[in-house]
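Text of query-v1.cif, listed as mmCIF, C-alpha atoms:
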data_entry
#
loop_
_atom_site.label_atom_id
_atom_site.label_comp_id
_atom_site.auth_asym_id
_atom_site.auth_seq_id
_atom_site.Cartn_x
_atom_site.Cartn_y
_atom_site.Cartn_z
CA MET K 1 0.00 0.00 0.00
CA VAL K 2 1.51 3.32 -1.10
CA GLN K 3 1.07 6.17 1.35
CA SER K 4 0.78 9.85 0.68
CA SER K 5 3.92 11.78 1.57
CA THR K 6 1.87 14.01 3.85
CA THR K 7 0.61 11.25 6.12
CA GLU K 8 2.32 9.36 8.91
CA SER K 9 0.38 6.16 8.43
CA ALA K 10 -2.54 4.98 6.44
CA ALA K 11 -5.95 3.80 7.48
CA PRO K 12 -6.81 0.20 6.62
CA ALA K 13 -7.30 -0.15 2.90
CA ARG K 14 -10.73 -0.88 1.48
CA GLY K 15 -11.11 -4.54 0.67
CA ALA K 16 -8.10 -5.55 2.78
CA ALA K 17 -7.93 -9.28 3.40
CA PRO K 18 -9.63 -10.27 6.66
CA VAL K 19 -7.45 -11.40 9.52
CA PRO K 20 -7.78 -15.20 9.95
CA ALA K 21 -9.32 -16.53 13.15
CA ARG K 22 -6.11 -18.37 13.96
CA ALA K 23 -4.25 -15.03 14.10
CA TRP K 24 -6.53 -13.87 16.93
CA LEU K 25 -6.01 -17.19 18.74
CA MET K 26 -2.23 -16.82 18.44
CA LEU K 27 -2.53 -13.23 19.70
CA ALA K 28 -4.52 -14.41 22.73
CA LEU K 29 -2.03 -17.18 23.56
CA ALA K 30 0.94 -14.82 23.17
CA THR K 31 -0.71 -12.22 25.40
CA VAL K 32 -1.34 -14.79 28.12
CA GLY K 33 2.29 -15.91 27.88
CA PHE K 34 3.54 -12.35 28.15
CA ALA K 35 1.33 -11.76 31.22
CA VAL K 36 2.46 -14.94 32.96
CA ASN K 37 6.14 -14.21 32.40
CA PHE K 38 5.72 -10.58 33.50
CA TRP K 39 3.92 -11.78 36.62
CA ALA K 40 7.03 -13.80 37.48
CA TRP K 41 9.35 -10.94 36.48
CA ALA K 42 7.64 -8.58 38.95
CA LEU K 43 7.48 -10.84 42.01
CA LEU K 44 10.15 -9.00 43.98
CA SER K 45 8.78 -5.49 43.55
CA PRO K 46 5.76 -5.71 45.92
CA LEU K 47 7.98 -7.34 48.54
CA GLY K 48 10.57 -4.55 48.41
CA PRO K 49 9.40 -2.68 51.55
CA ARG K 50 9.06 -5.95 53.53
CA LEU K 51 12.52 -7.14 52.50
CA LYS K 52 13.97 -3.73 53.35
CA ASP K 53 12.62 -4.03 56.90
CA THR K 54 13.48 -7.69 57.50
CA LEU K 55 17.00 -7.53 56.00
CA GLN K 56 17.77 -3.96 57.15
CA LEU K 57 18.44 -2.71 53.63
CA SER K 58 19.25 0.88 52.69
CA SER K 59 17.05 2.75 50.20
CA PHE K 60 19.67 2.19 47.50
CA GLN K 61 19.91 -1.54 48.25
CA GLN K 62 16.14 -1.86 48.08
CA SER K 63 16.11 -0.03 44.74
CA LEU K 64 18.90 -2.29 43.44
CA LEU K 65 16.97 -5.39 44.50
CA VAL K 66 13.90 -4.52 42.44
CA ALA K 67 15.94 -3.11 39.55
CA VAL K 68 18.20 -6.12 38.88
CA PRO K 69 15.49 -8.29 37.25
CA VAL K 70 14.56 -5.27 35.14
CA VAL K 71 18.02 -4.71 33.69
CA VAL K 72 18.66 -8.42 33.06
CA GLY K 73 15.25 -8.88 31.46
CA SER K 74 15.92 -5.83 29.33
CA LEU K 75 19.38 -6.72 28.06
CA GLY K 76 18.27 -10.31 27.56
CA ARG K 77 15.74 -9.13 25.00
CA ILE K 78 18.51 -8.46 22.49
CA PRO K 79 19.63 -12.10 22.06
CA VAL K 80 16.09 -13.42 22.62
CA GLY K 81 14.74 -11.13 19.88
CA ALA K 82 17.41 -12.36 17.47
CA LEU K 83 16.68 -15.98 18.41
CA THR K 84 12.97 -15.38 17.80
CA ASP K 85 13.73 -14.10 14.29
CA ARG K 86 15.62 -17.34 13.72
CA PHE K 87 13.52 -19.99 15.51
CA GLY K 88 10.08 -18.36 15.86
CA GLY K 89 7.77 -17.81 18.79
CA ARG K 90 6.55 -21.41 18.74
CA VAL K 91 9.95 -22.48 20.06
CA MET K 92 10.92 -19.43 22.11
CA PHE K 93 7.75 -18.92 24.19
CA PRO K 94 7.92 -22.39 25.83
CA VAL K 95 11.70 -22.09 26.30
CA VAL K 96 11.56 -18.70 28.03
CA SER K 97 8.61 -19.74 30.21
CA ALA K 98 10.26 -22.98 31.32
CA ALA K 99 13.59 -21.27 32.03
CA THR K 100 11.88 -18.69 34.27
CA ILE K 101 10.56 -21.46 36.56
CA VAL K 102 14.05 -22.11 38.00
CA PRO K 103 14.71 -18.66 39.58
CA VAL K 104 11.09 -18.42 40.73
CA LEU K 105 11.41 -21.66 42.70
CA TYR K 106 14.82 -20.68 44.04
CA LEU K 107 13.58 -17.33 45.35
CA GLY K 108 10.50 -18.86 46.93
CA LEU K 109 12.21 -21.80 48.60
CA ALA K 110 15.71 -20.64 49.49
CA GLY K 111 16.77 -17.35 47.97
CA HIS K 112 15.07 -14.73 50.15
CA SER K 113 17.20 -14.89 53.29
CA SER K 114 19.95 -12.44 52.29
CA LEU K 115 20.58 -9.59 49.87
CA THR K 116 23.19 -11.62 47.99
CA ALA K 117 20.79 -14.54 47.47
CA LEU K 118 18.01 -12.19 46.38
CA LEU K 119 20.25 -10.44 43.87
CA ALA K 120 21.36 -13.79 42.44
CA GLY K 121 17.77 -15.00 42.12
CA GLY K 122 16.64 -11.64 40.77
CA PHE K 123 19.35 -11.79 38.11
CA PHE K 124 17.92 -14.99 36.62
CA LEU K 125 14.35 -13.86 37.27
CA GLY K 126 15.08 -11.35 34.53
CA ILE K 127 14.59 -14.16 31.98
CA GLY K 128 10.83 -13.63 32.34
CA GLY K 129 11.20 -10.07 31.09
CA THR K 130 12.59 -11.26 27.75
CA ALA K 131 9.18 -12.69 26.73
CA PHE K 132 8.31 -9.32 25.22
CA ALA K 133 10.94 -9.74 22.50
CA VAL K 134 9.38 -13.10 21.60
CA GLY K 135 5.82 -11.85 21.31
CA VAL K 136 6.16 -8.72 19.17
CA PRO K 137 7.64 -10.41 16.06
CA PHE K 138 5.46 -13.49 16.62
CA VAL K 139 2.25 -11.43 16.72
CA GLY K 140 3.33 -8.97 14.04
CA ALA K 141 3.89 -11.75 11.52
CA TRP K 142 0.27 -12.88 11.87
CA PHE K 143 -1.27 -9.45 11.09
CA PRO K 144 -1.17 -7.13 8.06
CA PRO K 145 0.61 -3.76 8.51
CA GLU K 146 -2.63 -1.80 8.90
CA ARG K 147 -3.63 -3.96 11.91
CA ARG K 148 -0.27 -4.38 13.62
CA GLY K 149 -0.53 -1.32 15.83
CA LEU K 150 -3.71 -2.67 17.41
CA ALA K 151 -2.48 -6.28 17.54
CA ILE K 152 0.84 -5.41 19.18
CA GLY K 153 -0.99 -3.05 21.52
CA VAL K 154 -3.29 -5.89 22.60
CA PHE K 155 -0.26 -8.12 23.10
CA GLY K 156 1.27 -5.35 25.19
CA MET K 157 -1.61 -5.70 27.64
CA GLY K 158 0.29 -8.71 28.91
CA MET K 159 2.40 -6.26 30.90
CA GLY K 160 -0.59 -6.36 33.24
CA GLY K 161 1.08 -9.43 34.71
CA THR K 162 2.82 -6.95 36.98
CA ALA K 163 -0.61 -5.98 38.34
CA VAL K 164 -1.33 -9.63 39.16
CA SER K 165 1.89 -9.68 41.13
CA ALA K 166 1.06 -6.41 42.90
CA LEU K 167 -2.44 -7.55 43.87
CA THR K 168 -1.54 -11.05 45.06
CA THR K 169 2.07 -11.33 46.24
CA VAL K 170 1.86 -9.46 49.54
CA LYS K 171 -1.52 -10.96 50.41
CA LEU K 172 -0.28 -14.50 49.75
CA VAL K 173 2.86 -13.97 51.81
CA ASP K 174 0.82 -12.56 54.69
CA ALA K 175 -1.62 -15.48 54.57
CA HIS K 176 0.61 -18.46 53.79
CA GLY K 177 4.29 -17.49 53.98
CA MET K 178 7.02 -16.36 51.62
CA ALA K 179 7.05 -19.44 49.38
CA ASP K 180 3.40 -19.37 48.34
CA PRO K 181 3.33 -16.73 45.54
CA PHE K 182 6.50 -18.17 44.03
CA LEU K 183 5.18 -21.74 44.00
CA ILE K 184 1.89 -20.64 42.42
CA THR K 185 3.69 -18.61 39.75
CA ALA K 186 6.02 -21.51 38.95
CA ALA K 187 3.02 -23.82 38.47
CA VAL K 188 1.34 -21.33 36.13
CA LEU K 189 4.56 -20.92 34.13
CA ALA K 190 4.83 -24.70 33.76
CA GLY K 191 1.23 -24.96 32.60
CA TYR K 192 1.72 -22.20 30.04
CA ALA K 193 4.97 -23.72 28.73
CA VAL K 194 3.12 -26.98 27.99
CA LEU K 195 0.15 -25.15 26.45
CA ALA K 196 2.41 -23.04 24.23
CA ALA K 197 4.36 -26.06 23.05
CA LEU K 198 1.11 -27.77 22.04
CA LEU K 199 -0.85 -24.88 20.48
CA LEU K 200 1.42 -22.08 19.27
CA ARG K 201 2.15 -21.91 15.54
CA ASP K 202 4.28 -19.40 13.66
CA ALA K 203 2.62 -17.40 10.89
CA PRO K 204 2.61 -18.98 7.41
CA GLY K 205 5.32 -17.48 5.25
CA ARG K 206 7.26 -16.12 8.22
CA THR K 207 10.49 -14.51 7.02
CA VAL K 208 13.49 -16.43 8.40
CA PRO K 209 16.71 -14.41 8.34
CA THR K 210 19.97 -15.75 6.95
CA GLY K 211 23.53 -15.07 8.02
CA SER K 212 25.14 -14.98 11.43
CA ALA K 213 23.49 -13.48 14.49
CA LEU K 214 26.29 -10.92 14.84
CA ARG K 215 25.85 -9.79 11.24
CA ARG K 216 22.09 -9.42 11.73
CA LEU K 217 22.67 -7.47 14.94
CA ALA K 218 25.09 -5.13 13.15
CA ASP K 219 22.55 -4.60 10.36
CA THR K 220 19.83 -3.89 12.91
CA LEU K 221 21.98 -1.31 14.67
CA ARG K 222 22.40 0.55 11.38
CA LEU K 223 18.64 1.07 11.04
CA GLY K 224 17.38 4.52 12.01
CA VAL K 225 14.16 3.09 13.46
CA THR K 226 16.19 1.05 15.96
CA TRP K 227 17.58 4.18 17.62
CA GLN K 228 14.48 6.34 17.23
CA ALA K 229 12.17 3.75 18.76
CA SER K 230 14.71 2.87 21.45
CA ALA K 231 14.92 6.47 22.65
CA LEU K 232 11.15 6.85 22.82
CA TYR K 233 10.54 3.45 24.41
CA ALA K 234 13.14 4.19 27.08
CA VAL K 235 10.90 7.05 28.15
CA ALA K 236 7.44 5.50 27.60
CA PHE K 237 7.91 1.92 28.73
CA GLY K 238 10.84 2.79 30.95
CA GLY K 239 8.62 5.19 32.85
CA TYR K 240 5.97 2.51 33.22
CA VAL K 241 8.47 -0.06 34.51
CA ALA K 242 10.02 2.44 36.90
CA PHE K 243 6.68 3.30 38.48
CA SER K 244 5.49 -0.31 38.54
CA VAL K 245 8.56 -1.41 40.52
CA TYR K 246 9.08 1.69 42.66
CA LEU K 247 5.62 3.10 43.28
CA PRO K 248 4.96 0.97 46.41
CA THR K 249 8.17 2.29 47.96
CA TYR K 250 7.41 5.86 46.86
CA LEU K 251 3.91 5.80 48.35
CA LYS K 252 5.02 4.19 51.60
CA THR K 253 7.99 6.51 52.08
CA GLY K 254 6.53 9.73 50.68
CA TYR K 255 2.94 9.41 51.90
CA GLY K 256 3.12 6.91 54.75
CA LEU K 257 0.74 4.39 53.17
CA ALA K 258 0.56 0.82 54.41
CA GLN K 259 2.33 -1.74 52.24
CA ALA K 260 -0.87 -3.43 51.04
CA ASP K 261 -2.51 -0.06 50.23
CA ALA K 262 0.56 1.07 48.30
CA ALA K 263 0.62 -2.21 46.34
CA ASP K 264 -3.08 -1.84 45.46
CA ARG K 265 -2.53 1.70 44.19
CA MET K 266 0.41 0.51 42.12
CA ALA K 267 -1.87 -2.16 40.64
CA GLY K 268 -4.36 0.55 39.65
CA PHE K 269 -1.56 2.49 37.93
CA VAL K 270 -0.50 -0.65 36.06
CA LEU K 271 -4.03 -1.61 34.99
CA LEU K 272 -4.71 1.82 33.48
CA ALA K 273 -1.39 1.78 31.63
CA VAL K 274 -2.15 -1.72 30.36
CA ALA K 275 -5.63 -0.72 29.16
CA MET K 276 -4.21 2.28 27.30
CA ARG K 277 -1.54 0.35 25.43
CA PRO K 278 -3.87 -1.12 22.76
CA VAL K 279 -5.63 2.25 22.59
CA GLY K 280 -2.28 3.82 21.72
CA GLY K 281 -1.69 1.20 19.03
CA TRP K 282 -5.22 1.55 17.63
CA LEU K 283 -4.99 5.34 17.49
CA SER K 284 -1.56 5.07 15.85
CA ASP K 285 -3.05 2.90 13.07
CA ARG K 286 -5.53 5.71 12.36
CA LEU K 287 -3.84 8.97 13.32
CA GLY K 288 -0.17 8.08 13.07
CA PRO K 289 2.28 7.29 15.87
CA VAL K 290 3.79 10.79 15.99
CA ARG K 291 0.51 12.43 17.00
CA VAL K 292 -0.16 9.79 19.65
CA LEU K 293 3.38 10.02 21.03
CA ALA K 294 3.23 13.81 21.18
CA VAL K 295 0.04 13.79 23.25
CA ALA K 296 1.33 10.99 25.48
CA LEU K 297 4.65 12.66 26.23
CA GLY K 298 2.84 15.91 26.94
CA GLY K 299 0.75 14.03 29.50
CA VAL K 300 3.86 12.61 31.17
CA LEU K 301 5.42 16.07 31.33
CA ALA K 302 2.31 17.59 32.93
CA GLY K 303 1.89 14.77 35.45
CA ALA K 304 5.56 14.84 36.49
CA VAL K 305 5.54 18.60 37.05
CA VAL K 306 2.39 18.42 39.19
CA GLN K 307 3.64 15.47 41.25
CA SER K 308 7.02 17.12 41.85
CA LEU K 309 5.14 19.53 44.13
CA THR K 310 4.11 16.55 46.33
CA PRO K 311 0.38 17.37 46.36
CA SER K 312 -2.09 15.48 48.52
CA LEU K 313 -3.03 12.11 47.08
CA ALA K 314 -6.74 12.94 47.11
CA PRO K 315 -7.38 14.05 44.45
CA VAL K 316 -4.44 15.89 42.83
CA GLY K 317 -1.70 13.29 43.33
CA THR K 318 -3.97 10.48 42.19
CA ILE K 319 -4.96 12.42 39.06
CA ALA K 320 -1.30 13.16 38.29
CA PHE K 321 -0.30 9.51 38.59
CA LEU K 322 -3.26 8.25 36.58
CA THR K 323 -2.51 10.80 33.85
CA MET K 324 1.03 9.53 33.65
CA ALA K 325 -0.18 5.91 33.64
CA ALA K 326 -2.53 6.53 30.70
CA ALA K 327 0.11 8.49 28.81
CA LEU K 328 2.89 5.93 29.35
CA GLY K 329 0.61 3.07 28.26
CA ALA K 330 -0.58 4.83 25.09
CA GLY K 331 2.95 5.96 24.28
CA SER K 332 4.30 2.41 24.62
CA GLY K 333 1.69 1.18 22.16
CA ALA K 334 2.53 3.96 19.72
CA VAL K 335 6.25 3.14 19.72
CA PHE K 336 5.64 -0.36 18.37
CA ALA K 337 3.20 0.95 15.80
CA LEU K 338 6.20 2.99 14.66
CA VAL K 339 8.36 -0.15 14.57
CA ALA K 340 5.68 -1.94 12.52
CA LEU K 341 5.81 0.87 9.96
CA LEU K 342 9.57 1.21 9.62
CA ALA K 343 11.30 -2.09 10.51
CA PRO K 344 12.09 -4.66 7.76
CA ALA K 345 10.05 -7.86 8.16
CA ASP K 346 13.07 -10.10 8.75
CA LYS K 347 14.46 -7.81 11.46
CA VAL K 348 11.35 -7.10 13.55
CA GLY K 349 12.52 -9.45 16.30
CA SER K 350 16.01 -7.97 16.38
CA VAL K 351 14.69 -4.41 16.38
CA THR K 352 12.16 -5.35 19.06
CA GLY K 353 14.91 -6.88 21.19
CA ILE K 354 17.00 -3.73 21.13
CA VAL K 355 14.03 -1.40 21.58
CA GLY K 356 12.68 -3.58 24.38
CA ALA K 357 16.09 -3.53 26.05
CA ALA K 358 16.12 0.25 25.88
CA GLY K 359 12.67 0.36 27.47
CA GLY K 360 13.68 -1.92 30.29
CA LEU K 361 16.92 -0.04 30.89
CA GLY K 362 14.86 3.11 30.95
CA GLY K 363 13.03 1.50 33.87
CA PHE K 364 16.24 0.38 35.60
CA VAL K 365 17.76 3.81 36.13
CA PRO K 366 14.88 5.82 37.71
CA PRO K 367 14.39 3.63 40.83
CA LEU K 368 18.10 3.92 41.59
CA VAL K 369 18.01 7.68 41.03
CA MET K 370 14.86 8.10 43.12
CA GLY K 371 16.28 6.03 45.98
CA SER K 372 19.58 7.91 45.92
CA LEU K 373 17.93 11.34 45.75
CA TYR K 374 15.54 10.51 48.57
CA GLY K 375 18.41 9.22 50.68
CA ALA K 376 20.36 12.44 50.03
CA TYR K 377 17.61 15.07 50.21
CA GLY K 378 14.59 13.41 51.84
CA SER K 379 12.42 14.31 48.82
CA TYR K 380 11.41 12.83 45.48
CA ALA K 381 10.80 16.22 43.84
CA ILE K 382 14.11 16.40 41.96
CA GLY K 383 13.58 12.96 40.48
CA LEU K 384 10.13 13.90 39.18
CA ILE K 385 11.46 17.15 37.70
CA LEU K 386 14.11 15.10 35.88
CA LEU K 387 11.32 12.89 34.49
CA GLY K 388 9.57 16.00 33.18
CA VAL K 389 12.77 17.21 31.50
CA VAL K 390 13.26 13.83 29.80
CA ALA K 391 9.63 13.79 28.60
CA ALA K 392 10.04 17.30 27.15
CA ALA K 393 13.19 16.23 25.30
CA ALA K 394 11.45 13.13 23.92
CA LEU K 395 8.50 15.26 22.79
CA THR K 396 10.85 17.58 20.87
CA PHE K 397 12.60 14.60 19.26
CA THR K 398 9.26 13.08 18.24
CA GLU K 399 8.12 16.25 16.51
CA THR K 400 11.42 16.65 14.64
CA GLY K 401 13.52 13.54 13.97
CA VAL K 402 10.77 10.91 14.12
CA ARG K 403 8.29 12.95 12.08
CA ASN K 404 10.96 13.52 9.42
CA ALA K 405 11.75 9.79 9.28
CA LEU K 406 8.09 8.95 8.66
CA THR K 407 7.77 11.70 6.07
CA ARG K 408 10.76 10.34 4.15
CA ARG K 409 9.57 6.73 4.31
CA PRO K 410 6.80 6.76 1.65
CA ALA K 411 9.12 8.07 -1.07
CA ALA K 412 11.79 5.50 -0.15
CA ALA K 413 9.25 2.68 -0.08
CA ARG K 414 7.63 3.54 -3.41
CA PRO K 415 8.32 0.92 -6.10
CA HIS K 416 10.85 1.91 -8.75
#
Before anything else, please render the file you have as structure tokens.
Amino acid sequence: MVQSSTTESAAPARGAAPVPARAWLMLALATVGFAVNFWAWALLSPLGPRLKDTLQLSSFQQSLLVAVPVVVGSLGRIPVGALTDRFGGRVMFPVVSAATIVPVLYLGLAGHSSLTALLAGGFFLGIGGTAFAVGVPFVGAWFPPERRGLAIGVFGMGMGGTAVSALTTVKLVDAHGMADPFLITAAVLAGYAVLAALLLRDAPGRTVPTGSALRRLADTLRLGVTWQASALYAVAFGGYVAFSVYLPTYLKTGYGLAQADAADRMAGFVLLAVAMRPVGGWLSDRLGPVRVLAVALGGVLAGAVVQSLTPSLAPVGTIAFLTMAAALGAGSGAVFALVALLAPADKVGSVTGIVGAAGGLGGFVPPLVMGSLYGAYGSYAIGLILLGVVAAAALTFTETGVRNALTRRPAAARPH
């Protein structure tokens, strides 16, 4: 489909082939797998305040504890994305899910008695975070370009697995002991790994890359979309990850909320962001990703500025956080609509791996910064102001570099 040079993206073409029913089934299975793996990936976050008290951790040590799975899961997306291009989601989803069972069982049964053991378990728990780099190319291959923004946005709702963790982990520990949430999660991971092995199928005609993995990685790094999408995802998804892992600590320390109340509020933040992710993808299919990203980043900027003043939670602080949740969710969906428009078909997994890594790393840094700043100054205001500055810079980049890349694309893509 040839696009006008004045548009960012095109609406679905009249008479476009219908999406087969199997594509929607594969999307549903992939979304469930993403949610289950993200549930496991986020198990340590709700327990951060409890572990800080029981192990006498500093604010920085607590931040490091919840950030380690994030950074490992993020960097791991680069090789996992490349492996998904090569072997397909049918192989990689069961492999990633089964591998995540090991650190989950270790943390639940033996690895929660010291900071060193928790960091070791958290390192390998990061495997669950790599599931994102499996699902995006797997789902994208099943859907035509004019539907990929919505499809990948729906898949992105699997990040709601962190809400499952927030709503259940503390309650299960209080009721039955530390091992319970980890044992339940391991059982669910095992069930999904078996289900995925039996039912998942890669899209017919899936493009399998040739050449060495290092050569494909080098080619991917030369693509402009890799760096553009990485920068934006580091802000959009990175902001989501940062709040989803650090919000319980922020609310307990900054507002004196009980641990369970703080975890419930974090779950509300996550659920709104999750719900907005497919909305961001759907709007990007119709309005273009630049417009959606601009509005989303403006929302993050406004929310961060308001919250830097430490308003009361009812209602101003709550509104500020929910505004940022909606904006970060929609912006995350828009970034992968951008990838669907600009990435070559045989490099979607590799691009997704690098972009996903950037997003996760974007979530690794803020908790450490927030913990350090609070330890030094007794306030989170500076950290929130920094978030606003980053959002403003990303908004400027979106309206200049990214818009120009999309404007140039139709002429480059036109048949010769």
Selection result of the PyMOL selection byres ((chain K and resi 36) around 10) on this file, as a list in words
Ala30, Thr31, Val32, Gly33, Phe34, Ala35, Asn37, Phe38, Trp39, Ala40, Trp41, Ser97, Gly128, Ala131, Gly158, Met159, Gly160, Gly161, Thr162, Val164, Ser165, Thr185, Ala186, Val188, Leu189 and Tyr192 of chain K
Going by the chain IDs and residue numbers used in this file, which residues fall under the PyMOL selection byres ((chain K and resi 156) around 10)? Write them as a PDB file with C-alpha atoms, in the frame of the given file.
ATOM      1  CA  ALA K  30       0.940 -14.820  23.170  1.00  0.00           C
ATOM      2  CA  THR K  31      -0.710 -12.220  25.400  1.00  0.00           C
ATOM      3  CA  PHE K  34       3.540 -12.350  28.150  1.00  0.00           C
ATOM      4  CA  ALA K  35       1.330 -11.760  31.220  1.00  0.00           C
ATOM      5  CA  PHE K 132       8.310  -9.320  25.220  1.00  0.00           C
ATOM      6  CA  GLY K 135       5.820 -11.850  21.310  1.00  0.00           C
ATOM      7  CA  VAL K 136       6.160  -8.720  19.170  1.00  0.00           C
ATOM      8  CA  LEU K 150      -3.710  -2.670  17.410  1.00  0.00           C
ATOM      9  CA  ALA K 151      -2.480  -6.280  17.540  1.00  0.00           C
ATOM     10  CA  ILE K 152       0.840  -5.410  19.180  1.00  0.00           C
ATOM     11  CA  GLY K 153      -0.990  -3.050  21.520  1.00  0.00           C
ATOM     12  CA  VAL K 154      -3.290  -5.890  22.600  1.00  0.00           C
ATOM     13  CA  PHE K 155      -0.260  -8.120  23.100  1.00  0.00           C
ATOM     14  CA  MET K 157      -1.610  -5.700  27.640  1.00  0.00           C
ATOM     15  CA  GLY K 158       0.290  -8.710  28.910  1.00  0.00           C
ATOM     16  CA  MET K 159       2.400  -6.260  30.900  1.00  0.00           C
ATOM     17  CA  GLY K 160      -0.590  -6.360  33.240  1.00  0.00           C
ATOM     18  CA  ALA K 273      -1.390   1.780  31.630  1.00  0.00           C
ATOM     19  CA  VAL K 274      -2.150  -1.720  30.360  1.00  0.00           C
ATOM     20  CA  ALA K 275      -5.630  -0.720  29.160  1.00  0.00           C
ATOM     21  CA  MET K 276      -4.210   2.280  27.300  1.00  0.00           C
ATOM     22  CA  ARG K 277      -1.540   0.350  25.430  1.00  0.00           C
ATOM     23  CA  PRO K 278      -3.870  -1.120  22.760  1.00  0.00           C
ATOM     24  CA  GLY K 281      -1.690   1.200  19.030  1.00  0.00           C
ATOM     25  CA  GLY K 329       0.610   3.070  28.260  1.00  0.00           C
ATOM     26  CA  SER K 332       4.300   2.410  24.620  1.00  0.00           C
ATOM     27  CA  GLY K 333       1.690   1.180  22.160  1.00  0.00           C
ATOM     28  CA  PHE K 336       5.640  -0.360  18.370  1.00  0.00           C
TER      29      PHE K 336
END
Evaluated on this file, the PyMOL selection byres ((chain K and resi 117-126) around 7) picks out some residues - which ones are they, written as number ranges by chain?
K: 41, 65, 68-70, 72-73, 100, 103-104, 106-107, 111-116, 127-129
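Of the residues listed (K:Ala381, K:Leu25, K:Met92, K:Leu51), K:Met92 shows the shortest atom-to-atom separation from Val80 of chain K; distances use only C-alpha atoms.
Take atom CA of Pro209 of chain K and atom CA of Val225 of chain K: the distance between them is 18.4 Å.
For the atom pair formed by atom CA of Gly205 of chain K and atom CA of Arg22 of chain K, the distance is 14.4 Å, given to one decimal.
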Kindly add all heavy atoms to the incomplete segment 203-207 of chain K and provide the output as a tab-separated table (two decimals), in the frame of the given file.
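Saved as rebuild36.tsv:
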chain	number	residue	atom	x	y	z
K	203	ALA	N	3.42	-17.83	12.03
K	203	ALA	CA	2.62	-17.40	10.89
K	203	ALA	C	3.12	-18.05	9.60
K	203	ALA	O	4.33	-18.20	9.41
K	203	ALA	CB	2.67	-15.88	10.76
K	204	PRO	N	2.20	-18.44	8.71
K	204	PRO	CA	2.61	-18.98	7.41
K	204	PRO	C	3.44	-17.94	6.65
K	204	PRO	O	3.13	-16.74	6.67
K	204	PRO	CB	1.28	-19.24	6.70
K	204	PRO	CG	0.26	-19.32	7.79
K	204	PRO	CD	0.74	-18.41	8.88
K	205	GLY	N	4.49	-18.40	6.01
K	205	GLY	CA	5.32	-17.48	5.25
K	205	GLY	C	6.20	-16.59	6.08
K	205	GLY	O	6.71	-15.58	5.59
K	206	ARG	N	6.40	-16.93	7.35
K	206	ARG	CA	7.26	-16.12	8.22
K	206	ARG	C	8.65	-16.00	7.60
K	206	ARG	O	9.23	-16.98	7.14
K	206	ARG	CB	7.37	-16.78	9.60
K	206	ARG	CG	8.19	-15.99	10.61
K	206	ARG	CD	8.22	-16.71	11.95
K	206	ARG	NE	9.06	-17.91	11.93
K	206	ARG	CZ	10.37	-17.91	12.15
K	206	ARG	NH1	10.99	-16.77	12.39
K	206	ARG	NH2	11.05	-19.03	12.14
K	207	THR	N	9.18	-14.77	7.59
K	207	THR	CA	10.49	-14.51	7.02
K	207	THR	C	11.58	-14.96	7.99
K	207	THR	O	11.67	-14.45	9.11
K	207	THR	CB	10.66	-13.01	6.71
K	207	THR	OG1	9.61	-12.59	5.85
K	207	THR	CG2	12.01	-12.75	6.05
